[in-house]
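Q: Supplied in structure tokens, the structure appears directly below.
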Amino acid sequence: VALPGGHVEPGEGIEDALRRELMEELGITPVEVRYVCTLLHRSAEFRRLHYFAVPQWEGRVENHEAASLRWVPLTAPHDLDLEVDRLALAEYQRVYHHA
């Protein structure tokens with residue numbers, strides 16, 4: 001299980017990339033965006049991952065790209081495959097007081 005994400009295109013800001021990726025992957029447009037954190041993740045190379053929370057959006061969440069789609073409760077970080085995603089979830093809970 002991984003959080004939705006994607007790459008920032010050349011000349012694109014990170015929030016613009018977020019909006020584009022949400023439309024491409026889930027068919028939604030964010031109404032409210034909260035920056036959570038930026039973490040380094042090593043896969044084939046080091047990548048800088050920018051995490052955002054989207055508490056409000058327009059549209060219906062649909063699966064446009066993933067093998068499957070499911071909701072993961074904030075209280076179940078162990079369901080996420082990547083340690084970096086679990087760290088970002090913990091930071092979201094710390095910053096926004098969602099225990």
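Here, A, B, ... name the chains of the structure tokens in the order displayed, residue numbers run from 1 inside each chain, and ligands are numbered from 1 in the same displayed order.
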If we count only C-alpha atoms, what is near region 29-42 of chain A at a cut-off of 10 Å, once residues fewer than 2 positions away on the same chain are taken out, given as a PyMOL selection string?

A: chain A and resi 15+18-24+26-27+44-61+82-85+87-96

Q: One decimal, in Å: what's the spacing between CA of Asp81 (chain A) and CA of Ser43 (chain A)?

A: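 Taking CA of Asp81 (chain A) as the start and CA of Ser43 (chain A) as the end point, the length is 13.2 Å.
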
Q: Once DSSP has gone over the backbone, tell me which residues of chain A are in alpha helix (DSSP H), as number ranges by chain.

A: A: 14-26, 83-96
